[in-house]
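Visitor: Quick one: the structure is below, questions incoming.
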Amino acid sequence: MSPKAGAIIRSFCEAWSNGDLDKIMGFFDESAVYHNIPMEPAEGLENIRTFIEGFFAMATSIHFEIIHQVVEGDVVMNERVDTLVMGENTIELPVAGIFELANGKIVKWRDYFDMGQLSGQG
């Protein structure tokens, strides 16, 4: 059990605002799985990096604002508003995220959101 799980995830969410992909990737375990529920999961560091690079390629900035966060052992759940600036458009996307950690690293990350809002149709 990691008493620092909540702080680790807060730091992880803050890292997105800086756009530092290497720092973001440092939070993941080698066997991690990142699943944006409306999409296919990204498994392993290489696939997760490629997926996140895609987000940074389409957005000039990404900011995670944590509204609520609860921690139970090595499981962290947060309600966020992820703000993505893409060209002239700013999308504020409500997200529920679930993070599972082991040895201080993210092993599973699931985000739940409305894909229509992300694609501008919601």
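Starting from 1 in every chain, residues are counted up; chains themselves are A, B, ... following the order of the structure tokens, and ligands are numbered from 1 as listed.
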Report as a count of residues only all protein, DNA and RNA residues lying within 7 Å of range 45-57 of chain A, evaluated on only C-alpha atoms, omitting residues in the same chain fewer than 5 positions from it.
Guide: 4
Visitor: Show me, as a count of residues only, the residues that have an atom within 7 Å of range 12-16 of chain A when counting only C-alpha atoms, minus same-chain residues fewer than 3 positions from it.
Guide: 10
Visitor: Neighbours of Ala5 in chain A within 8 Å (only C-alpha atoms; same-chain residues fewer than 4 positions away dropped), as a list in words?
Guide: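 Contacts, with the query itself left out: Ile9, Val71, Gly73, Asp74, Val75, Val76, Leu101 and Gly104 of chain A.
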Visitor: Could you write out, as a PDB file with C-alpha atoms, in the first residue's frame, all the residues of range 6-122 of chain A that DSSP marks as alpha helix (DSSP H)?
Guide:
```pdb
ATOM      1  CA  GLY A   6      -2.754  10.448  -4.164  1.00  0.00           C
ATOM      2  CA  ALA A   7       0.270  12.754  -4.312  1.00  0.00           C
ATOM      3  CA  ILE A   8       1.789  10.723  -7.161  1.00  0.00           C
ATOM      4  CA  ILE A   9      -1.370  11.095  -9.239  1.00  0.00           C
ATOM      5  CA  ARG A  10      -1.645  14.819  -8.466  1.00  0.00           C
ATOM      6  CA  SER A  11       1.958  15.249  -9.687  1.00  0.00           C
ATOM      7  CA  PHE A  12       1.188  13.146 -12.759  1.00  0.00           C
ATOM      8  CA  CYS A  13      -1.817  15.321 -13.638  1.00  0.00           C
ATOM      9  CA  GLU A  14       0.252  18.491 -13.125  1.00  0.00           C
ATOM     10  CA  ALA A  15       2.936  17.153 -15.484  1.00  0.00           C
ATOM     11  CA  TRP A  16       0.492  17.289 -18.401  1.00  0.00           C
ATOM     12  CA  SER A  17       0.346  21.099 -18.170  1.00  0.00           C
ATOM     13  CA  ASN A  18       4.085  21.261 -18.862  1.00  0.00           C
ATOM     14  CA  LEU A  21       6.348  13.653 -22.261  1.00  0.00           C
ATOM     15  CA  ASP A  22       9.430  12.102 -20.638  1.00  0.00           C
ATOM     16  CA  LYS A  23       8.283  13.228 -17.195  1.00  0.00           C
ATOM     17  CA  ILE A  24       4.765  11.906 -17.853  1.00  0.00           C
ATOM     18  CA  MET A  25       6.152   8.560 -19.013  1.00  0.00           C
ATOM     19  CA  LEU A  45       5.356   1.983 -22.440  1.00  0.00           C
ATOM     20  CA  GLU A  46       5.951   2.265 -26.188  1.00  0.00           C
ATOM     21  CA  ASN A  47       2.243   2.153 -27.064  1.00  0.00           C
ATOM     22  CA  ILE A  48       1.325   4.534 -24.237  1.00  0.00           C
ATOM     23  CA  ARG A  49       4.016   7.003 -25.383  1.00  0.00           C
ATOM     24  CA  THR A  50       2.719   6.851 -28.973  1.00  0.00           C
ATOM     25  CA  PHE A  51      -0.854   7.433 -27.779  1.00  0.00           C
ATOM     26  CA  ILE A  52       0.089  10.424 -25.604  1.00  0.00           C
ATOM     27  CA  GLU A  53       2.250  11.861 -28.409  1.00  0.00           C
ATOM     28  CA  GLY A  54      -0.926  11.853 -30.509  1.00  0.00           C
ATOM     29  CA  PHE A  55      -2.695  13.994 -27.913  1.00  0.00           C
ATOM     30  CA  PHE A  56       0.199  16.456 -27.798  1.00  0.00           C
ATOM     31  CA  ALA A  57       0.309  16.569 -31.615  1.00  0.00           C
ATOM     32  CA  MET A  58      -3.324  17.693 -31.820  1.00  0.00           C
ATOM     33  CA  MET A 115     -16.137  10.884 -26.917  1.00  0.00           C
ATOM     34  CA  GLY A 116     -18.651  13.228 -28.581  1.00  0.00           C
ATOM     35  CA  GLN A 117     -17.375  16.110 -26.472  1.00  0.00           C
ATOM     36  CA  LEU A 118     -13.782  15.401 -27.444  1.00  0.00           C
TER      37      LEU A 118
END
```
Visitor: Between CA of Leu84 in chain A and CA of Phe99 in chain A, what is the distance, to one decimal in Å?
Guide: 20.7 Å
Visitor: May I ask which of the residues A:Val81, A:Met39, A:Ile67, A:Val33 is the closest one to Leu93 in chain A, counting only C-alpha atoms?
Guide: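 The answer is A:Val81, which sits nearest to Leu93 in chain A.
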Visitor: List every residue of range 2-76 of chain A that DSSP, applied to the backbone of this structure, places in strand (DSSP E or B), and write the result as a PyMOL selection string.
Guide: chain A and resi 28-36+42-43+61-72+75-76
Visitor: When you draw a straight line from CA of Pro41 in chain A to CA of Phe113 in chain A, how long is it in Å?
Guide: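 The value is 14.2 Å.
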Visitor: Counting only C-alpha atoms, which of A:Ala42, A:Val107, A:Ile37, A:Ala59 gets nearest to Val85 in chain A?
Guide: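 Of A:Ala42, A:Val107, A:Ile37, A:Ala59, the one nearest Val85 in chain A, counting only C-alpha atoms, is A:Ala59.
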Visitor: CA of Pro94 in chain A to CA of Tyr112 in chain A: how many Å, to one decimal?
Guide: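 Going from CA of Pro94 in chain A over to CA of Tyr112 in chain A, I get 8.7 Å.
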Visitor: Could you list, as a VMD selection string, every residue within 9 Å of Asp111 in chain A, counting only C-alpha atoms and ignoring same-chain residues fewer than 3 positions away?
Guide: chain A and resid 34 to 38 95 to 99
Visitor: Next, dump the selected residues to file, keeping only N, CA and C atoms, as a PDB file, in the first residue's frame.
Guide:
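Wrote it out as out.pdb, contents follow:
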```pdb
ATOM      1  N   TYR A  34      -3.010   1.838 -20.401  1.00  0.00           N
ATOM      2  CA  TYR A  34      -3.741   3.114 -20.382  1.00  0.00           C
ATOM      3  C   TYR A  34      -4.941   2.930 -21.287  1.00  0.00           C
ATOM      4  N   HIS A  35      -6.141   3.091 -20.719  1.00  0.00           N
ATOM      5  CA  HIS A  35      -7.356   2.846 -21.482  1.00  0.00           C
ATOM      6  C   HIS A  35      -8.302   4.039 -21.382  1.00  0.00           C
ATOM      7  N   ASN A  36      -8.380   4.791 -22.457  1.00  0.00           N
ATOM      8  CA  ASN A  36      -9.460   5.758 -22.600  1.00  0.00           C
ATOM      9  C   ASN A  36     -10.645   4.908 -23.038  1.00  0.00           C
ATOM     10  N   ILE A  37     -11.614   4.769 -22.176  1.00  0.00           N
ATOM     11  CA  ILE A  37     -12.651   3.760 -22.359  1.00  0.00           C
ATOM     12  C   ILE A  37     -13.333   3.811 -23.730  1.00  0.00           C
ATOM     13  N   PRO A  38     -13.561   4.986 -24.336  1.00  0.00           N
ATOM     14  CA  PRO A  38     -14.184   4.933 -25.676  1.00  0.00           C
ATOM     15  C   PRO A  38     -13.256   4.404 -26.774  1.00  0.00           C
ATOM     16  N   VAL A  95     -13.974  14.349 -17.032  1.00  0.00           N
ATOM     17  CA  VAL A  95     -13.362  13.013 -17.054  1.00  0.00           C
ATOM     18  C   VAL A  95     -13.412  12.405 -15.656  1.00  0.00           C
ATOM     19  N   ALA A  96     -13.668  11.104 -15.600  1.00  0.00           N
ATOM     20  CA  ALA A  96     -13.488  10.338 -14.372  1.00  0.00           C
ATOM     21  C   ALA A  96     -12.325   9.388 -14.629  1.00  0.00           C
ATOM     22  N   GLY A  97     -11.297   9.459 -13.796  1.00  0.00           N
ATOM     23  CA  GLY A  97     -10.108   8.630 -13.982  1.00  0.00           C
ATOM     24  C   GLY A  97      -9.891   7.687 -12.824  1.00  0.00           C
ATOM     25  N   ILE A  98      -9.468   6.472 -13.150  1.00  0.00           N
ATOM     26  CA  ILE A  98      -9.123   5.479 -12.146  1.00  0.00           C
ATOM     27  C   ILE A  98      -7.696   5.038 -12.406  1.00  0.00           C
ATOM     28  N   PHE A  99      -6.873   5.145 -11.384  1.00  0.00           N
ATOM     29  CA  PHE A  99      -5.454   4.800 -11.477  1.00  0.00           C
ATOM     30  C   PHE A  99      -5.157   3.688 -10.484  1.00  0.00           C
TER      31      PHE A  99
END
```
